[in-house]
Amino acid sequence: MSQTAPQWYVVHTYSGYENKVKANLEKIIENRGMQEQILDVSVPIQNVVEVKNGVRKTVPRKVFPGYVLVFMHMNDETWYVVRNTRGVTSFVGPGSKPVPLTEEEIRFMGLIEDMEEVIDLEVGDLVKIATGPFEDSIGLVAEINPSRKVVTVSLSIFGRETPVELDYMQIEKME
């Protein structure tokens, strides 16, 4: 039997069961000696830096909650093993025919860790400047630029509204 190249498939799981499905599948692969057919099981995690009140905290988040990625040779046996793993609801694809991810989708998913910053601010929020020349000034958030990790705050300086660009760490959200 000729074997096609392994491909990435997406498996839908019960919500919150992604890591259990990964562990169960890895155990089955080991017990049945299927390492040559099912090569990798992945629950993509992204470390997200959350900024709350000027404090940075890195927290891991599932990139695709409810899904597990499986790198495997698709055949009747591997399909059966994955499909019948506890916690798996189905393969992603029409009917019972799993569709492998395209190269573009694999590149987009990266399957590598990224660092992304999430800040709990919105345009129009009232903030206090914690450090720098405008320390203790209060202003309104006019613009948020996540790619540069800066916030433009509108401050009243000498009676005029003046936009001031500040780093995330220089401001505190006022409740």
# chains A, B, ... in the order shown; residues from 1 in each chain; ligands from 1
call {"tool": "residues_around", "arguments": {"residues": "segment 85-87 of chain A", "least_positions_apart": "4", "cutoff": "6 Å", "atoms": "only C-alpha atoms", "output": "VMD selection string"}}
result
chain A and resid 13 to 14 21
call {"tool": "residues_around", "arguments": {"residues": "Ser156 of chain A", "least_positions_apart": "4", "cutoff": "12 Å", "atoms": "only C-alpha atoms", "output": "PyMOL selection string"}}
result
chain A and resi 134+137-140+160-164
call {"tool": "write_last_selection", "arguments": {"atoms": "all heavy atoms", "output": "short mmCIF file (atom, residue, chain, number, x, y, z; two decimals), in the first residue's frame"}}
result
data_model
loop_
_atom_site.label_atom_id
_atom_site.label_comp_id
_atom_site.auth_asym_id
_atom_site.auth_seq_id
_atom_site.Cartn_x
_atom_site.Cartn_y
_atom_site.Cartn_z
N PHE A 134 4.55 64.17 32.29
CA PHE A 134 3.14 64.47 32.53
C PHE A 134 2.56 63.66 33.69
O PHE A 134 1.34 63.49 33.79
CB PHE A 134 2.32 64.23 31.25
CG PHE A 134 2.79 65.03 30.08
CD1 PHE A 134 3.51 64.44 29.05
CD2 PHE A 134 2.54 66.40 30.01
CE1 PHE A 134 3.96 65.18 27.97
CE2 PHE A 134 2.98 67.15 28.94
CZ PHE A 134 3.70 66.54 27.91
N SER A 137 -1.04 63.60 35.51
CA SER A 137 -2.03 64.26 34.64
C SER A 137 -3.12 63.25 34.30
O SER A 137 -2.88 62.04 34.26
CB SER A 137 -1.39 64.74 33.35
OG SER A 137 -0.40 65.70 33.61
N ILE A 138 -4.31 63.76 34.02
CA ILE A 138 -5.42 62.89 33.66
C ILE A 138 -5.89 63.28 32.27
O ILE A 138 -5.98 64.48 31.95
CB ILE A 138 -6.57 63.01 34.69
CG1 ILE A 138 -6.08 62.44 36.03
CG2 ILE A 138 -7.82 62.29 34.20
CD1 ILE A 138 -7.04 62.61 37.17
N GLY A 139 -6.14 62.27 31.43
CA GLY A 139 -6.58 62.56 30.07
C GLY A 139 -7.44 61.45 29.52
O GLY A 139 -7.69 60.44 30.19
N LEU A 140 -7.89 61.64 28.28
CA LEU A 140 -8.74 60.66 27.61
C LEU A 140 -7.93 59.95 26.53
O LEU A 140 -7.16 60.58 25.81
CB LEU A 140 -9.94 61.34 26.95
CG LEU A 140 -11.04 61.85 27.86
CD1 LEU A 140 -12.09 62.59 27.04
CD2 LEU A 140 -11.69 60.70 28.60
N ARG A 160 -5.37 73.99 26.34
CA ARG A 160 -5.58 73.44 25.00
C ARG A 160 -5.49 71.92 25.05
O ARG A 160 -4.63 71.37 25.74
CB ARG A 160 -4.51 73.93 24.03
CG ARG A 160 -4.53 75.41 23.82
CD ARG A 160 -3.40 75.78 22.92
NE ARG A 160 -3.94 75.97 21.56
CZ ARG A 160 -3.23 76.41 20.57
NH1 ARG A 160 -1.95 76.65 20.73
NH2 ARG A 160 -3.78 76.58 19.39
N GLU A 161 -6.34 71.25 24.26
CA GLU A 161 -6.27 69.80 24.17
C GLU A 161 -5.06 69.43 23.33
O GLU A 161 -4.95 69.86 22.19
CB GLU A 161 -7.55 69.22 23.54
CG GLU A 161 -8.77 69.30 24.45
CD GLU A 161 -8.59 68.55 25.76
OE1 GLU A 161 -8.16 67.38 25.75
OE2 GLU A 161 -8.88 69.15 26.81
N THR A 162 -4.14 68.65 23.94
CA THR A 162 -2.90 68.29 23.26
C THR A 162 -2.74 66.78 23.25
O THR A 162 -2.78 66.15 24.31
CB THR A 162 -1.69 68.93 24.00
OG1 THR A 162 -1.96 70.32 24.15
CG2 THR A 162 -0.41 68.72 23.24
N PRO A 163 -2.53 66.17 22.06
CA PRO A 163 -2.31 64.72 22.01
C PRO A 163 -0.88 64.39 22.45
O PRO A 163 0.07 65.02 22.01
CB PRO A 163 -2.52 64.37 20.55
CG PRO A 163 -2.30 65.62 19.78
CD PRO A 163 -2.57 66.77 20.72
N VAL A 164 -0.77 63.41 23.37
CA VAL A 164 0.54 62.99 23.87
C VAL A 164 0.64 61.47 23.68
O VAL A 164 -0.27 60.73 24.08
CB VAL A 164 0.70 63.35 25.37
CG1 VAL A 164 2.02 62.86 25.91
CG2 VAL A 164 0.55 64.84 25.58
#
call {"tool": "atom_distance", "arguments": {"atom1": "atom CA of Lys173 of chain A", "atom2": "atom CA of Pro146 of chain A"}}
result
16.2 Å
call {"tool": "select_by_dssp", "arguments": {"residues": "chain A", "states": "strand (DSSP E)", "output": "PyMOL selection string"}}
result
chain A and resi 7-13+38-42+45-52+55-62+67-72+88-91+115-119+126-129+138-145+150-157+160-167+171-173
call {"tool": "select_by_dssp", "arguments": {"residues": "segment 15-73 of chain A", "states": "helix (DSSP H, G or I)", "output": "PDB file with N, CA and C atoms, in the first residue's frame"}}
result
ATOM      1  N   GLU A  18      -9.290  19.923  25.000  1.00  0.00           N
ATOM      2  CA  GLU A  18      -8.200  19.876  24.014  1.00  0.00           C
ATOM      3  C   GLU A  18      -6.975  19.135  24.546  1.00  0.00           C
ATOM      4  N   ASN A  19      -6.527  19.474  25.747  1.00  0.00           N
ATOM      5  CA  ASN A  19      -5.323  18.837  26.305  1.00  0.00           C
ATOM      6  C   ASN A  19      -5.559  17.370  26.645  1.00  0.00           C
ATOM      7  N   LYS A  20      -6.778  17.036  27.102  1.00  0.00           N
ATOM      8  CA  LYS A  20      -7.116  15.627  27.389  1.00  0.00           C
ATOM      9  C   LYS A  20      -7.094  14.814  26.104  1.00  0.00           C
ATOM     10  N   VAL A  21      -7.671  15.362  25.029  1.00  0.00           N
ATOM     11  CA  VAL A  21      -7.688  14.669  23.739  1.00  0.00           C
ATOM     12  C   VAL A  21      -6.256  14.441  23.267  1.00  0.00           C
ATOM     13  N   LYS A  22      -5.416  15.467  23.396  1.00  0.00           N
ATOM     14  CA  LYS A  22      -4.006  15.342  22.989  1.00  0.00           C
ATOM     15  C   LYS A  22      -3.328  14.215  23.778  1.00  0.00           C
ATOM     16  N   ALA A  23      -3.519  14.202  25.108  1.00  0.00           N
ATOM     17  CA  ALA A  23      -2.905  13.170  25.959  1.00  0.00           C
ATOM     18  C   ALA A  23      -3.444  11.776  25.612  1.00  0.00           C
ATOM     19  N   ASN A  24      -4.775  11.659  25.455  1.00  0.00           N
ATOM     20  CA  ASN A  24      -5.389  10.362  25.107  1.00  0.00           C
ATOM     21  C   ASN A  24      -4.862   9.851  23.775  1.00  0.00           C
ATOM     22  N   LEU A  25      -4.797  10.728  22.802  1.00  0.00           N
ATOM     23  CA  LEU A  25      -4.338  10.342  21.464  1.00  0.00           C
ATOM     24  C   LEU A  25      -2.875   9.917  21.496  1.00  0.00           C
ATOM     25  N   GLU A  26      -2.042  10.653  22.228  1.00  0.00           N
ATOM     26  CA  GLU A  26      -0.619  10.291  22.325  1.00  0.00           C
ATOM     27  C   GLU A  26      -0.441   8.924  22.983  1.00  0.00           C
ATOM     28  N   LYS A  27      -1.281   8.632  23.981  1.00  0.00           N
ATOM     29  CA  LYS A  27      -1.218   7.333  24.660  1.00  0.00           C
ATOM     30  C   LYS A  27      -1.617   6.203  23.697  1.00  0.00           C
ATOM     31  N   ILE A  28      -2.676   6.426  22.924  1.00  0.00           N
ATOM     32  CA  ILE A  28      -3.145   5.427  21.955  1.00  0.00           C
ATOM     33  C   ILE A  28      -2.067   5.190  20.895  1.00  0.00           C
ATOM     34  N   ILE A  29      -1.460   6.271  20.398  1.00  0.00           N
ATOM     35  CA  ILE A  29      -0.406   6.174  19.370  1.00  0.00           C
ATOM     36  C   ILE A  29       0.739   5.304  19.894  1.00  0.00           C
ATOM     37  N   GLU A  30       1.130   5.564  21.162  1.00  0.00           N
ATOM     38  CA  GLU A  30       2.227   4.797  21.773  1.00  0.00           C
ATOM     39  C   GLU A  30       1.823   3.333  21.963  1.00  0.00           C
ATOM     40  N   ASN A  31       0.649   3.088  22.517  1.00  0.00           N
ATOM     41  CA  ASN A  31       0.188   1.720  22.783  1.00  0.00           C
ATOM     42  C   ASN A  31       0.039   0.893  21.514  1.00  0.00           C
ATOM     43  N   ARG A  32      -0.409   1.504  20.438  1.00  0.00           N
ATOM     44  CA  ARG A  32      -0.630   0.779  19.179  1.00  0.00           C
ATOM     45  C   ARG A  32       0.577   0.843  18.236  1.00  0.00           C
TER      46      ARG A  32
END
call {"tool": "closest_residue", "arguments": {"among": "A:Gly95, A:Gly66, A:Pro6, A:Gly124", "to": "Leu39 of chain A", "atoms": "only C-alpha atoms"}}
result
A:Pro6
call {"tool": "residues_around", "arguments": {"residues": "Lys62 of chain A", "least_positions_apart": "3", "cutoff": "9 Å", "atoms": "only C-alpha atoms", "output": "list in words"}}
result
Glu18, Val43, Pro44, Ile45, Gln46, Asn47, Pro65 and Gly66 of chain A
call {"tool": "closest_residue", "arguments": {"among": "A:Tyr17, A:Tyr168, A:Trp8, A:Phe91", "to": "Glu50 of chain A", "atoms": "only C-alpha atoms"}}
result
A:Tyr168
call {"tool": "atom_distance", "arguments": {"atom1": "atom CA of Ile38 of chain A", "atom2": "atom CA of Phe108 of chain A"}}
result
22.2 Å
call {"tool": "closest_residue", "arguments": {"among": "A:Met109, A:Val48, A:Met34, A:Ala142", "to": "Val123 of chain A", "atoms": "only C-alpha atoms"}}
result
A:Ala142
call {"tool": "residues_around", "arguments": {"residues": "Arg148 of chain A", "least_positions_apart": "3", "cutoff": "10 Å", "atoms": "only C-alpha atoms", "output": "CSV table (one decimal) with all heavy atoms, in the first residue's frame"}}
result
chain,number,residue,atom,x,y,z
A,144,ILE,N,-5.2,54.0,20.2
A,144,ILE,CA,-4.4,52.9,20.7
A,144,ILE,C,-3.7,52.3,19.5
A,144,ILE,O,-4.4,51.9,18.5
A,144,ILE,CB,-5.3,51.8,21.4
A,144,ILE,CG1,-6.1,52.5,22.6
A,144,ILE,CG2,-4.4,50.7,21.9
A,144,ILE,CD1,-7.1,51.6,23.2
A,145,ASN,N,-2.4,52.1,19.6
A,145,ASN,CA,-1.6,51.5,18.5
A,145,ASN,C,-0.9,50.3,19.0
A,145,ASN,O,0.2,50.4,19.6
A,145,ASN,CB,-0.6,52.6,18.0
A,145,ASN,CG,0.1,52.0,16.8
A,145,ASN,OD1,0.3,50.8,16.6
A,145,ASN,ND2,0.6,53.0,16.0
A,151,VAL,N,-0.1,54.5,23.3
A,151,VAL,CA,-1.5,55.1,23.4
A,151,VAL,C,-1.4,56.6,23.2
A,151,VAL,O,-0.5,57.2,23.8
A,151,VAL,CB,-2.1,54.7,24.8
A,151,VAL,CG1,-3.4,55.3,25.0
A,151,VAL,CG2,-2.2,53.2,25.0
A,167,ASP,N,3.8,55.2,26.3
A,167,ASP,CA,3.9,53.8,26.3
A,167,ASP,C,2.8,53.2,27.2
A,167,ASP,O,2.4,53.8,28.1
A,167,ASP,CB,5.3,53.4,26.9
A,167,ASP,CG,5.6,51.9,26.9
A,167,ASP,OD1,6.0,51.4,25.9
A,167,ASP,OD2,5.4,51.3,28.0
A,168,TYR,N,2.4,51.9,26.9
A,168,TYR,CA,1.4,51.2,27.8
A,168,TYR,C,1.8,51.3,29.2
A,168,TYR,O,0.9,51.5,30.1
A,168,TYR,CB,1.3,49.7,27.4
A,168,TYR,CG,0.6,49.4,26.1
A,168,TYR,CD1,0.6,48.1,25.7
A,168,TYR,CD2,0.0,50.3,25.3
A,168,TYR,CE1,-0.1,47.7,24.6
A,168,TYR,CE2,-0.7,50.0,24.2
A,168,TYR,CZ,-0.7,48.6,23.8
A,168,TYR,OH,-1.4,48.3,22.7
call {"tool": "residues_around", "arguments": {"residues": "Gln7 of chain A", "least_positions_apart": "3", "cutoff": "8 Å", "atoms": "only C-alpha atoms", "output": "PyMOL selection string"}}
result
chain A and resi 71-74+100-101
call {"tool": "closest_residue", "arguments": {"among": "A:Leu166, A:Val70, A:Leu155, A:Ile129", "to": "Ser42 of chain A", "atoms": "only C-alpha atoms"}}
result
A:Val70
call {"tool": "atom_distance", "arguments": {"atom1": "atom CA of Val51 of chain A", "atom2": "atom CA of Gly16 of chain A"}}
result
24.8 Å
call {"tool": "closest_residue", "arguments": {"among": "A:Val68, A:Val81, A:Val11, A:Ala5", "to": "Pro98 of chain A", "atoms": "only C-alpha atoms"}}
result
A:Val11
call {"tool": "residues_around", "arguments": {"residues": "Met174 of chain A", "least_positions_apart": "3", "cutoff": "8 Å", "atoms": "only C-alpha atoms", "output": "PDB file with C-alpha atoms, in the first residue's frame"}}
result
ATOM      1  CA  ASP A 125     -11.291  55.786  28.596  1.00  0.00           C
ATOM      2  CA  LEU A 126     -10.068  58.110  31.327  1.00  0.00           C
ATOM      3  CA  VAL A 127      -6.420  57.447  32.257  1.00  0.00           C
ATOM      4  CA  LYS A 128      -3.864  58.796  34.713  1.00  0.00           C
TER       5      LYS A 128
END
